Structure formats: structure tokens, C-alpha cells
Amino acid sequence: MMSMEGPYLTALIARLAEPEYNLAAYGVAFSIALIVESPVIMMLSASTALVEDKNSFLKLRNFVYTVNAILIIVMIVLIFPPIYNFFTIQILNLPLRVAELTHTAIIILIPWAPAIGYRRFHQGILIRNNMTRKVAYGTIIRLLAMSAIALVLFLFSDLHGVIIGASALSSGVIAEAIATKLMLVNTIKKIKADENPSREITYSEIIKFYFPLLLTSFITLAMHPVVTFFMGFSYKSLESLAVLPVLNSLVFIFRSFGLSYQEVGIALLKSKQGYVKLRNFAIVMGVLVVIALGLVSFTFIGEIWLSSVAGLSDELTKFSELPLMLFTIFPALTVWINFQRAVLVNKRKTKPITYATIIEISGVVLMLILTITYFNFIGVIGAVIAYTFGRLAADIYLIFPFNKARNEILNSNSISQSI
């Protein structure tokens, strides 16, 4: 359901004034918001794995609040005009009009990261307590709030498209955060009533567990500004900046099936039988999402989506067709890496995840240099090739640590059965 958010907003933006500038600004603002959000992305995995009793709940909650406060400060510093102009114009080489639109959007997105950190902390508790259906309810509330704000502003205001998109995003995540907390009131009361924890968790243990995950998400999401930087200097840069958020939104629909699989694995990976079923499910899911995206990328459906649904002009639709085809296998790589991460987090082995992420962004940068700087590829084509190459390199690196963690699961299960 979350994956429908991007296509909906980019479709509205594409139908308003200055679509190329506003789509480009939306993509840049969203990329910056993502990297600021990165420290709280893995809070879902952390609370799923760590919140067992009153002690762990309170300490992880305090940890979340501290991180959220830091993120607000970072966003306020970032929008300070001298710093912002240096970053977007001097470093990213954005067109002045795109930079101006992006600045207002980032101001509106200041609540984005804290709301997501708060929400993901509570969603992890829902998952740990087998209340995953309520996670979906929260997402429905988010979509309804986001859609309502976007539609009202689209129909009854003269605001720029990127401003409408940013306003809708912030409204949606705030509504979802509030709803998620309200759905957990009774569960939190039960958790706080547990005054006899089996083991006292400390802040140093939380940091030791979470830091590799934080670093992983930070490095992963840092790729988006890096890609923006290279596209700013690429051949057909404005067109590339405009269509990339549209393509990312479409591909995210198919990637979404694998993105949540990390938390599924953490919650359900408890035995050899559980591992086998989760692995088989991941294989089938990976094959199906590639086939499904392929049916869009390589048939007339893709053109219909890009022009009629996403609202791109005929020129931008043709411009987007090849990079969309190149994106086809990416959803399968998402399924693969999230299953690998689930097994590693389940065994509390988070460092290899960080190393894999470093390899991924290194592969992305290397491929951007080769395709855009050296061979002068069209920016968006170089970006898609780089994304795919980097993710594949990370998947391959994780094979060995994944196999080691998997064997521990299988061997521990055999021992418990023999006893």
C-alpha cells in the first residue's frame, strides 16, 4: 500500500505547472528526506528484536526520542540558506529553479523523519506481538490522509506540485504515527506491567546492536543524493532528474513485496522448518515480482502507465522506456538481500550488513563514474545500471555470512531436537 504513494503524487505533480522542474524538485527533496530519515529506518527491526519488557521498551523508546531530536536539528541546519545553497547549487549542481522549489519542500518535510522513527518503533512492537494486521490498518490511515491532503490542494490551491507532494507526505506519516500509537495502548500497558525482566538491557547494548543497522540504512539512502549529484552533471540532466522519481515509484510497487520480508524473517525464523518455508517463499516471490515488472517494462503496459497514469509527456515517456526495462530485475535483488538480512539480524550478526552496504554504494559510485563521467551515458540510464550493479554486489558479498548464520540456525535446531 505504501508503494502506491509515490505514483499517486508524481502523477499529480506531472499534471500541474512546470512538471519537469517540480518532478525534479520532488525527487531531490525526497532523496534528502530519505537520507535524514535513514537513522530511524531500522527502528522497526530493532523494536521487533529487542522490546520484550518494561526495561527494554523504555530504553529503546528513549533512544528513539533522542535520535528523532537530532534529526530535527539536522533538518533545521540544512535549510539554513547559506548551507542549503552550497549543498544544492554548488555541490549537486541543481538548476536554480529546482533548488528553489526543493528548499520549500524540505521545510515542509521536517516532521517526516521523526514521525517515521516514532511510527516504526511502535510498528516493531506490533509485529513482535503478532499484530501485523494493525500495521496494515495504519498504512491505510496514512494513505487516506496523504490522498485527501494531496487531492484537496491539487483541486483547490495554486501551490506548486512539489509543495503539494511534500505536504501530503508529511501529513500521511504524522497520521500513521498517531494511529499506530493508539492501536498499541493496551499492549504497552501490558509491557510496562512487566517489572521482572529476564535480562536488563543497557543503552550500550542497544547502541552496539543498532549502530551497524543505522550505518547500513544511512549508507544505503546516501546513494540517492550521490546519484542526484552525478545526474546533475550528466547528459540530459533535467529530463533524468524529472523521470527518476517516476520510475522509482513504479519499481517500488514491485520492490515493496521484498522490503518487509526482513521483519517477517526476524519474527518467524525460529526453526529449521521455519527457515525452509521462508526461503522457499522468498524464491517464489522473487521470481513473481520480476515477471510482473517485466510484463510492464517490456510491453505496451509500460507506455500506458508512464503516459496515462504517471502523466508524463510523450517525450518523457519515450525517454523513460529503456531505463524502466533495465530496472526489471531490481525487485528480485531486494527480496534476496532482505532475506539475507533477516537471517543475520535474527542471529544478531549486523556487521556484515553494514559491510555489504558499503560495497553496494561503492559499486553504485564506481558504475556512475564509468557510465556518466567516462562514457557520457544519459543520466537516468547510468543511475539505473549503477543501482542494479551495486545491489547485486551487496547480495553476492552477503552469501558467506548468510550461509554461516543459516547453518547456526539449522544446527541449533538439530541439537534441540536430539535433546
# chains A, B, ... in the order shown; residues from 1 in each chain; ligands from 1
call {"tool": "residues_around", "arguments": {"residues": "Gln90 (chain A)", "least_positions_apart": "4", "cutoff": "12 Å", "atoms": "only C-alpha atoms", "output": "ChimeraX atom specification"}}
result
/A:82-86,94-96,99,229,232-233
call {"tool": "select_by_dssp", "arguments": {"residues": "region 14-225 of chain A", "states": "helix (DSSP H, G or I)", "output": "ChimeraX atom specification"}}
result
/A:14,19-41,43-50,54-78,81-91,96-108,112-128,132-156,161-183,185-193,203-225
call {"tool": "closest_residue", "arguments": {"among": "A:Tyr8, A:Tyr275, A:Phe80, A:Tyr203", "to": "Leu144 (chain A)", "atoms": "only C-alpha atoms"}}
result
A:Tyr8
call {"tool": "residues_around", "arguments": {"residues": "Asn62 (chain A)", "least_positions_apart": "5", "cutoff": "12 Å", "atoms": "only C-alpha atoms", "output": "list in words"}}
result
Asn55, Ser56, Phe57, Val67, Asn68, Ala69, Gly117, Tyr118, Phe121, Thr202, Tyr203 and Ile206 of chain A
call {"tool": "closest_atom_pairs", "arguments": {"of": "region 4-62 of chain A", "to": "region 220-227 of chain A", "cutoff": "10 Å", "atoms": "only C-alpha atoms", "output": "JSON lines"}}
result
{"residue": "A:Gly27", "atom": "CA", "partner": "A:His224", "partner_atom": "CA", "distance": 9.2}
{"residue": "A:Val28", "atom": "CA", "partner": "A:Pro225", "partner_atom": "CA", "distance": 7.4}
{"residue": "A:Ala29", "atom": "CA", "partner": "A:Pro225", "partner_atom": "CA", "distance": 9.5}
{"residue": "A:Phe30", "atom": "CA", "partner": "A:His224", "partner_atom": "CA", "distance": 9.0}
{"residue": "A:Ser31", "atom": "CA", "partner": "A:His224", "partner_atom": "CA", "distance": 5.4}
{"residue": "A:Ile32", "atom": "CA", "partner": "A:Pro225", "partner_atom": "CA", "distance": 6.6}
{"residue": "A:Ala33", "atom": "CA", "partner": "A:Leu221", "partner_atom": "CA", "distance": 9.4}
{"residue": "A:Leu34", "atom": "CA", "partner": "A:Leu221", "partner_atom": "CA", "distance": 6.1}
{"residue": "A:Ile35", "atom": "CA", "partner": "A:Leu221", "partner_atom": "CA", "distance": 5.0}
{"residue": "A:Val36", "atom": "CA", "partner": "A:Leu221", "partner_atom": "CA", "distance": 8.6}
{"residue": "A:Glu37", "atom": "CA", "partner": "A:Leu221", "partner_atom": "CA", "distance": 8.6}
{"residue": "A:Ser38", "atom": "CA", "partner": "A:Leu221", "partner_atom": "CA", "distance": 6.4}
{"residue": "A:Pro39", "atom": "CA", "partner": "A:Leu221", "partner_atom": "CA", "distance": 9.8}
{"residue": "A:Ile41", "atom": "CA", "partner": "A:Leu221", "partner_atom": "CA", "distance": 9.8}
call {"tool": "write_last_selection", "arguments": {"atoms": "N, CA and C atoms", "output": "PDB file, in the first residue's frame"}}
result
ATOM      1  N   GLY A  27      11.885  14.765  -6.564  1.00  0.00           N
ATOM      2  CA  GLY A  27      12.873  13.686  -6.447  1.00  0.00           C
ATOM      3  C   GLY A  27      14.038  14.067  -5.560  1.00  0.00           C
ATOM      4  N   VAL A  28      14.530  15.294  -5.693  1.00  0.00           N
ATOM      5  CA  VAL A  28      15.655  15.744  -4.874  1.00  0.00           C
ATOM      6  C   VAL A  28      15.242  15.875  -3.403  1.00  0.00           C
ATOM      7  N   ALA A  29      14.093  16.516  -3.156  1.00  0.00           N
ATOM      8  CA  ALA A  29      13.621  16.697  -1.777  1.00  0.00           C
ATOM      9  C   ALA A  29      13.383  15.354  -1.100  1.00  0.00           C
ATOM     10  N   PHE A  30      12.803  14.430  -1.832  1.00  0.00           N
ATOM     11  CA  PHE A  30      12.537  13.109  -1.278  1.00  0.00           C
ATOM     12  C   PHE A  30      13.846  12.378  -0.971  1.00  0.00           C
ATOM     13  N   SER A  31      14.841  12.532  -1.844  1.00  0.00           N
ATOM     14  CA  SER A  31      16.145  11.906  -1.603  1.00  0.00           C
ATOM     15  C   SER A  31      16.799  12.451  -0.338  1.00  0.00           C
ATOM     16  N   ILE A  32      16.728  13.776  -0.159  1.00  0.00           N
ATOM     17  CA  ILE A  32      17.311  14.390   1.037  1.00  0.00           C
ATOM     18  C   ILE A  32      16.553  13.956   2.282  1.00  0.00           C
ATOM     19  N   ALA A  33      15.217  13.923   2.190  1.00  0.00           N
ATOM     20  CA  ALA A  33      14.414  13.470   3.334  1.00  0.00           C
ATOM     21  C   ALA A  33      14.739  12.034   3.697  1.00  0.00           C
ATOM     22  N   LEU A  34      14.991  11.202   2.693  1.00  0.00           N
ATOM     23  CA  LEU A  34      15.319   9.796   2.944  1.00  0.00           C
ATOM     24  C   LEU A  34      16.638   9.655   3.695  1.00  0.00           C
ATOM     25  N   ILE A  35      17.641  10.432   3.296  1.00  0.00           N
ATOM     26  CA  ILE A  35      18.932  10.284   3.968  1.00  0.00           C
ATOM     27  C   ILE A  35      18.862  10.806   5.402  1.00  0.00           C
ATOM     28  N   VAL A  36      18.058  11.856   5.643  1.00  0.00           N
ATOM     29  CA  VAL A  36      17.867  12.331   7.013  1.00  0.00           C
ATOM     30  C   VAL A  36      17.077  11.296   7.818  1.00  0.00           C
ATOM     31  N   GLU A  37      16.161  10.624   7.162  1.00  0.00           N
ATOM     32  CA  GLU A  37      15.344   9.593   7.811  1.00  0.00           C
ATOM     33  C   GLU A  37      16.134   8.323   8.110  1.00  0.00           C
ATOM     34  N   SER A  38      17.237   8.114   7.424  1.00  0.00           N
ATOM     35  CA  SER A  38      17.949   6.839   7.473  1.00  0.00           C
ATOM     36  C   SER A  38      18.289   6.334   8.877  1.00  0.00           C
ATOM     37  N   PRO A  39      18.624   7.201   9.842  1.00  0.00           N
ATOM     38  CA  PRO A  39      18.937   6.669  11.178  1.00  0.00           C
ATOM     39  C   PRO A  39      17.775   5.965  11.872  1.00  0.00           C
ATOM     40  N   ILE A  41      15.251   4.232  10.057  1.00  0.00           N
ATOM     41  CA  ILE A  41      14.655   3.218   9.191  1.00  0.00           C
ATOM     42  C   ILE A  41      14.662   1.847   9.869  1.00  0.00           C
TER      43      ILE A  41
END
call {"tool": "atom_distance", "arguments": {"atom1": "CA of Phe209 (chain A)", "atom2": "CA of Val185 (chain A)"}}
result
26.5 Å
call {"tool": "closest_residue", "arguments": {"among": "A:Thr104, A:Thr139, A:Ser3, A:Thr88", "to": "Gly258 (chain A)", "atoms": "only C-alpha atoms"}}
result
A:Ser3
call {"tool": "closest_residue", "arguments": {"among": "A:Glu100, A:Glu239, A:Asp314, A:Glu263", "to": "Ile79 (chain A)", "atoms": "only C-alpha atoms"}}
result
A:Glu100
call {"tool": "residues_around", "arguments": {"residues": "Val162 (chain A)", "least_positions_apart": "5", "cutoff": "7 Å", "atoms": "only C-alpha atoms", "output": "PyMOL selection string"}}
result
chain A and resi 13+22-23+25-26+101+105
call {"tool": "closest_residue", "arguments": {"among": "A:Val335, A:Leu238, A:Ala310, A:Ile91", "to": "Phe281 (chain A)", "atoms": "only C-alpha atoms"}}
result
A:Val335
call {"tool": "closest_atom_pairs", "arguments": {"of": "region 132-211 of chain A", "to": "region 44-47 of chain A", "cutoff": "12 Å", "atoms": "only C-alpha atoms", "output": "Markdown table"}}
result
| residue | atom | partner | partner_atom | distance |
| --- | --- | --- | --- | --- |
| A:Val135 | CA | A:Leu44 | CA | 11.3 |
| A:Glu205 | CA | A:Ala46 | CA | 11.5 |
| A:Ile206 | CA | A:Ala46 | CA | 8.5 |
| A:Ile207 | CA | A:Ala46 | CA | 10.4 |
| A:Lys208 | CA | A:Ala46 | CA | 11.4 |
| A:Phe209 | CA | A:Ala46 | CA | 8.1 |
| A:Tyr210 | CA | A:Ala46 | CA | 6.8 |
| A:Phe211 | CA | A:Ala46 | CA | 10.4 |
call {"tool": "closest_residue", "arguments": {"among": "A:Val264, A:Ile89, A:Leu333, A:Ile108", "to": "Lys277 (chain A)", "atoms": "only C-alpha atoms"}}
result
A:Val264
call {"tool": "residues_around", "arguments": {"residues": "region 286-299 of chain A", "least_positions_apart": "5", "cutoff": "7 Å", "atoms": "only C-alpha atoms", "output": "list of chain:residue names"}}
result
A:Phe254, A:Leu324, A:Met325, A:Thr328, A:Ile329, A:Pro331, A:Ala332, A:Val335
